[in-house]
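S.K.: What follows is query.pdb, made up of PDB, C-alpha atoms, pLDDT in the B column:
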```
ATOM      1  CA  MET L  23      -7.108  -6.009   0.823  1.00 84.00           C
ATOM      2  CA  VAL L  24      -9.197  -9.109   0.059  1.00 89.00           C
ATOM      3  CA  GLU L  25     -10.202  -9.286   3.726  1.00 90.00           C
ATOM      4  CA  VAL L  26     -11.514  -5.712   3.595  1.00 93.00           C
ATOM      5  CA  ILE L  27     -13.568  -6.430   0.483  1.00 93.00           C
ATOM      6  CA  GLU L  28     -14.987  -9.586   2.069  1.00 91.00           C
ATOM      7  CA  SER L  29     -15.988  -7.610   5.176  1.00 92.00           C
ATOM      8  CA  VAL L  30     -17.770  -4.986   3.086  1.00 94.00           C
ATOM      9  CA  VAL L  31     -19.495  -7.696   1.029  1.00 93.00           C
ATOM     10  CA  LYS L  32     -20.610  -9.516   4.169  1.00 91.00           C
ATOM     11  CA  TYR L  33     -22.048  -6.281   5.575  1.00 94.00           C
ATOM     12  CA  GLY L  34     -23.826  -5.553   2.302  1.00 95.00           C
ATOM     13  CA  PHE L  35     -25.451  -8.964   2.117  1.00 93.00           C
ATOM     14  CA  LYS L  36     -26.252  -9.516   5.792  1.00 92.00           C
ATOM     15  CA  VAL L  37     -27.043  -6.047   7.135  1.00 94.00           C
ATOM     16  CA  LEU L  38     -28.194  -4.147   4.050  1.00 96.00           C
ATOM     17  CA  GLU L  39     -29.810  -7.274   2.563  1.00 94.00           C
ATOM     18  CA  LEU L  40     -28.417  -6.621  -0.914  1.00 95.00           C
ATOM     19  CA  ASN L  41     -28.729  -9.289  -3.581  1.00 95.00           C
ATOM     20  CA  ARG L  42     -25.726  -8.210  -5.654  1.00 96.00           C
ATOM     21  CA  ILE L  43     -22.674  -6.010  -5.314  1.00 97.00           C
ATOM     22  CA  GLU L  44     -20.923  -4.514  -8.323  1.00 97.00           C
ATOM     23  CA  ALA L  45     -17.480  -3.127  -8.997  1.00 97.00           C
ATOM     24  CA  LEU L  46     -16.593  -0.961 -11.976  1.00 96.00           C
ATOM     25  CA  ILE L  47     -12.887  -0.622 -12.780  1.00 96.00           C
ATOM     26  CA  TYR L  48     -10.695   0.684 -15.571  1.00 94.00           C
ATOM     27  CA  SER L  49      -9.938  -2.151 -17.956  1.00 92.00           C
ATOM     28  CA  GLU L  50      -6.202  -1.561 -17.557  1.00 91.00           C
ATOM     29  CA  ASN L  51      -6.305  -1.777 -13.744  1.00 93.00           C
ATOM     30  CA  ILE L  52      -4.993  -5.334 -13.446  1.00 95.00           C
ATOM     31  CA  SER L  53      -4.230  -5.071  -9.704  1.00 95.00           C
ATOM     32  CA  SER L  54      -7.807  -4.175  -8.759  1.00 95.00           C
ATOM     33  CA  ARG L  55      -9.150  -6.878 -11.020  1.00 96.00           C
ATOM     34  CA  LYS L  56      -6.973  -9.540  -9.366  1.00 96.00           C
ATOM     35  CA  VAL L  57      -8.051  -8.467  -5.867  1.00 96.00           C
ATOM     36  CA  LEU L  58     -11.734  -8.473  -6.802  1.00 96.00           C
ATOM     37  CA  GLU L  59     -11.492 -11.878  -8.477  1.00 96.00           C
ATOM     38  CA  LYS L  60      -9.692 -13.247  -5.427  1.00 94.00           C
ATOM     39  CA  ALA L  61     -12.623 -11.967  -3.343  1.00 93.00           C
ATOM     40  CA  GLY L  62     -15.039 -13.909  -5.556  1.00 92.00           C
ATOM     41  CA  PHE L  63     -16.185 -11.259  -8.007  1.00 96.00           C
ATOM     42  CA  ARG L  64     -16.796 -12.389 -11.586  1.00 96.00           C
ATOM     43  CA  GLU L  65     -16.575 -10.367 -14.774  1.00 97.00           C
ATOM     44  CA  GLU L  66     -19.927  -9.540 -16.346  1.00 97.00           C
ATOM     45  CA  GLY L  67     -18.877  -7.335 -19.186  1.00 97.00           C
ATOM     46  CA  LEU L  68     -16.744  -4.739 -20.883  1.00 97.00           C
ATOM     47  CA  LEU L  69     -18.101  -1.217 -21.204  1.00 97.00           C
ATOM     48  CA  LYS L  70     -16.467   0.419 -24.191  1.00 97.00           C
ATOM     49  CA  GLU L  71     -15.277   4.014 -23.729  1.00 96.00           C
ATOM     50  CA  TYR L  72     -17.152   4.297 -20.427  1.00 96.00           C
ATOM     51  CA  PHE L  73     -14.919   6.764 -18.560  1.00 92.00           C
ATOM     52  CA  TYR L  74     -13.415  10.003 -19.815  1.00 94.00           C
ATOM     53  CA  GLU L  75      -9.885  10.447 -18.522  1.00 89.00           C
ATOM     54  CA  LYS L  76      -7.145  12.853 -19.546  1.00 89.00           C
ATOM     55  CA  THR L  77      -8.605  13.863 -22.918  1.00 94.00           C
ATOM     56  CA  LYS L  78      -9.695  10.372 -24.004  1.00 95.00           C
ATOM     57  CA  PHE L  79     -12.334   7.765 -23.348  1.00 96.00           C
ATOM     58  CA  VAL L  80     -11.268   4.508 -21.682  1.00 95.00           C
ATOM     59  CA  ASP L  81     -12.958   1.125 -21.267  1.00 96.00           C
ATOM     60  CA  ALA L  82     -14.318  -0.211 -17.983  1.00 97.00           C
ATOM     61  CA  ILE L  83     -14.937  -3.723 -16.711  1.00 98.00           C
ATOM     62  CA  LEU L  84     -18.009  -4.597 -14.655  1.00 98.00           C
ATOM     63  CA  LEU L  85     -17.560  -7.301 -12.021  1.00 98.00           C
ATOM     64  CA  SER L  86     -20.167  -8.526  -9.580  1.00 97.00           C
ATOM     65  CA  LYS L  87     -20.812 -10.882  -6.710  1.00 96.00           C
ATOM     66  CA  LEU L  88     -24.231 -12.387  -5.988  1.00 95.00           C
ATOM     67  CA  LYS L  89     -25.580 -13.199  -2.543  1.00 93.00           C
ATOM     68  CA  LYS L  90     -26.390 -16.786  -3.547  1.00 90.00           C
ATOM     69  CA  ASP L  91     -22.707 -17.330  -4.395  1.00 86.00           C
ATOM     70  CA  THR L  92     -21.476 -16.310  -0.938  1.00 82.00           C
ATOM     71  CA  ARG L  93     -22.983 -18.844   1.454  1.00 70.00           C
ATOM     72  CA  ARG L  94     -19.718 -19.626   3.272  1.00 65.00           C
ATOM     73  CA  LEU L  95     -18.989 -15.916   3.769  1.00 61.00           C
ATOM     74  CA  LEU L  96     -22.364 -15.286   5.390  1.00 59.00           C
ATOM     75  CA  LEU L  97     -22.098 -18.026   8.032  1.00 58.00           C
TER      76      LEU L  97
END
```
Rewrite the coordinates I just gave you, this time as C-alpha coordinates.
M.R.:
Amino acid sequence: MVEVIESVVKYGFKVLELNRIEALIYSENISSRKVLEKAGFREEGLLKEYFYEKTKFVDAILLSKLKKDTRRLLL
(Lines of atoms letter the chains of each structure in order from A and count residues from 1; the text may use other names and numbers.)
(Lines give C-alpha, C1' and ligand atoms only; values in the text may rest on other atoms or scores of the structure.)
Protein backbone atom coordinates (compact mmCIF):
# COMPACT_ATOMS: atom_id res chain seq x y z
CA MET A 1 0.00 0.00 0.00
CA VAL A 2 2.88 2.39 0.74
CA GLU A 3 4.14 1.91 -2.82
CA VAL A 4 0.76 2.98 -4.21
CA ILE A 5 0.70 6.10 -2.06
CA GLU A 6 4.25 6.97 -3.12
CA SER A 7 3.29 6.59 -6.79
CA VAL A 8 0.30 8.90 -6.37
CA VAL A 9 2.43 11.42 -4.46
CA LYS A 10 5.12 11.34 -7.14
CA TYR A 11 2.50 11.95 -9.84
CA GLY A 12 0.99 14.81 -7.85
CA PHE A 13 4.31 16.56 -7.35
CA LYS A 14 5.91 15.91 -10.74
CA VAL A 15 3.01 15.94 -13.20
CA LEU A 16 0.40 18.08 -11.46
CA GLU A 17 3.08 20.31 -9.89
CA LEU A 18 1.40 20.33 -6.48
CA ASN A 19 3.23 21.79 -3.51
CA ARG A 20 1.43 19.77 -0.84
CA ILE A 21 -0.77 16.70 -0.58
CA GLU A 22 -3.15 16.17 2.32
CA ALA A 23 -4.87 13.18 3.85
CA LEU A 24 -7.83 13.40 6.20
CA ILE A 25 -8.61 10.27 8.23
CA TYR A 26 -10.77 9.26 11.16
CA SER A 27 -8.77 9.63 14.35
CA GLU A 28 -9.45 6.00 15.27
CA ASN A 29 -8.17 4.64 11.93
CA ILE A 30 -4.76 3.51 13.17
CA SER A 31 -4.01 1.35 10.10
CA SER A 32 -4.39 4.24 7.65
CA ARG A 33 -2.35 6.49 9.88
CA LYS A 34 0.53 3.99 10.01
CA VAL A 35 0.54 3.58 6.21
CA LEU A 36 0.51 7.33 5.62
CA GLU A 37 3.29 7.94 8.14
CA LYS A 38 5.35 5.18 6.54
CA ALA A 39 4.88 7.01 3.22
CA GLY A 40 6.27 10.19 4.78
CA PHE A 41 3.12 12.05 5.76
CA ARG A 42 3.24 14.05 8.99
CA GLU A 43 0.40 14.96 11.31
CA GLU A 44 -0.63 18.61 11.17
CA GLY A 45 -3.60 18.62 13.45
CA LEU A 46 -6.69 17.17 15.04
CA LEU A 47 -10.07 18.35 13.81
CA LYS A 48 -12.58 17.91 16.61
CA GLU A 49 -15.96 16.44 15.65
CA TYR A 50 -15.20 16.88 11.94
CA PHE A 51 -17.18 13.97 10.47
CA TYR A 52 -20.72 12.90 11.24
CA GLU A 53 -21.00 9.12 11.33
CA LYS A 54 -23.76 6.86 12.61
CA THR A 55 -25.58 9.45 14.73
CA LYS A 56 -22.47 11.06 16.25
CA PHE A 57 -19.63 13.38 15.39
CA VAL A 58 -16.11 11.93 15.25
CA ASP A 59 -12.65 13.51 15.18
CA ALA A 60 -10.37 13.57 12.15
CA ILE A 61 -6.61 13.84 11.78
CA LEU A 62 -5.01 15.93 9.03
CA LEU A 63 -1.71 14.65 7.65
CA SER A 64 0.30 16.17 4.84
CA LYS A 65 3.40 15.79 2.73
CA LEU A 66 5.25 18.74 1.21
CA LYS A 67 7.07 18.70 -2.12
CA LYS A 68 10.28 20.03 -0.54
CA ASP A 69 10.34 16.99 1.78
CA THR A 70 10.25 14.47 -1.08
CA ARG A 71 13.44 15.07 -3.05
CA ARG A 72 14.50 11.41 -3.18
CA LEU A 73 11.04 10.34 -4.37
CA LEU A 74 11.09 12.80 -7.27
CA LEU A 75 14.44 11.68 -8.73
S.K.: Measuring between all atoms listed in the file, which one of L:Leu88, L:Val80, L:Ile47, L:Ala61 shows the shortest distance to Glu28 (chain L)?
M.R.: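 Nearest to Glu28 (chain L): L:Ala61.
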S.K.: Find the residue from L:Leu69, L:Glu25, L:Lys87, L:Arg93 that sits nearest to Asn41 (chain L); use all atoms listed in the file when measuring.
M.R.: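 Closest residue, counting all atoms listed in the file: L:Lys87.
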S.K.: Which one of L:Met23, L:Lys70, L:Leu46, L:Tyr33 sits closest to Thr92 (chain L) if you count all atoms listed in the file?
M.R.: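 Selected residue with least distance to Thr92 (chain L): L:Tyr33.
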S.K.: Here is a test: counting all atoms listed in the file, which residue of L:Ser29, L:Val24, L:Leu68, L:Gly62 is nearest to Ser49 (chain L)?
M.R.: L:Leu68
S.K.: Write out as a list of chain:residue names the residues lying within 7 Å of Glu44 (chain L), counting all atoms listed in the file and excluding same-chain residues fewer than 3 positions away.
M.R.: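 So, after excluding close chain neighbours, the residues are L:Leu84, L:Leu85, L:Ser86, L:Lys87.
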S.K.: Work out how far apart CA of Val30 (chain L) and CA of Ile43 (chain L) are and give it in Å to one decimal.
M.R.: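 Calculated distance between CA of Val30 (chain L) and CA of Ile43 (chain L) is 9.8 Å.
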S.K.: So how far away is CA of Leu38 (chain L) from CA of Lys89 (chain L), in Å?
M.R.: 11.5 Å
S.K.: In terms of the shortest atom-to-atom distance over only C-alpha atoms, which of L:Ile83, L:Tyr74, L:Ser54, L:Lys90 is closest to Lys36 (chain L)?
M.R.: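 The shortest atom-to-atom distance to Lys36 (chain L) comes from L:Lys90.
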S.K.: Around all the atoms of region 45-52 of chain L listed in the file, draw an axis-aligned box and extend it by 8 Å on each of the six sides; I want its centre and edge lengths in Å to one decimal, as AutoDock Vina command-line options.
M.R.:
```
--center_x -11.2 --center_y -2.3 --center_z -13.5 --size_x 28.5 --size_y 22.0 --size_z 25.0
```
S.K.: What does the structure give for the distance between CA of Asp81 (chain L) and CA of Tyr48 (chain L), in Å to one decimal?
M.R.: 6.1 Å
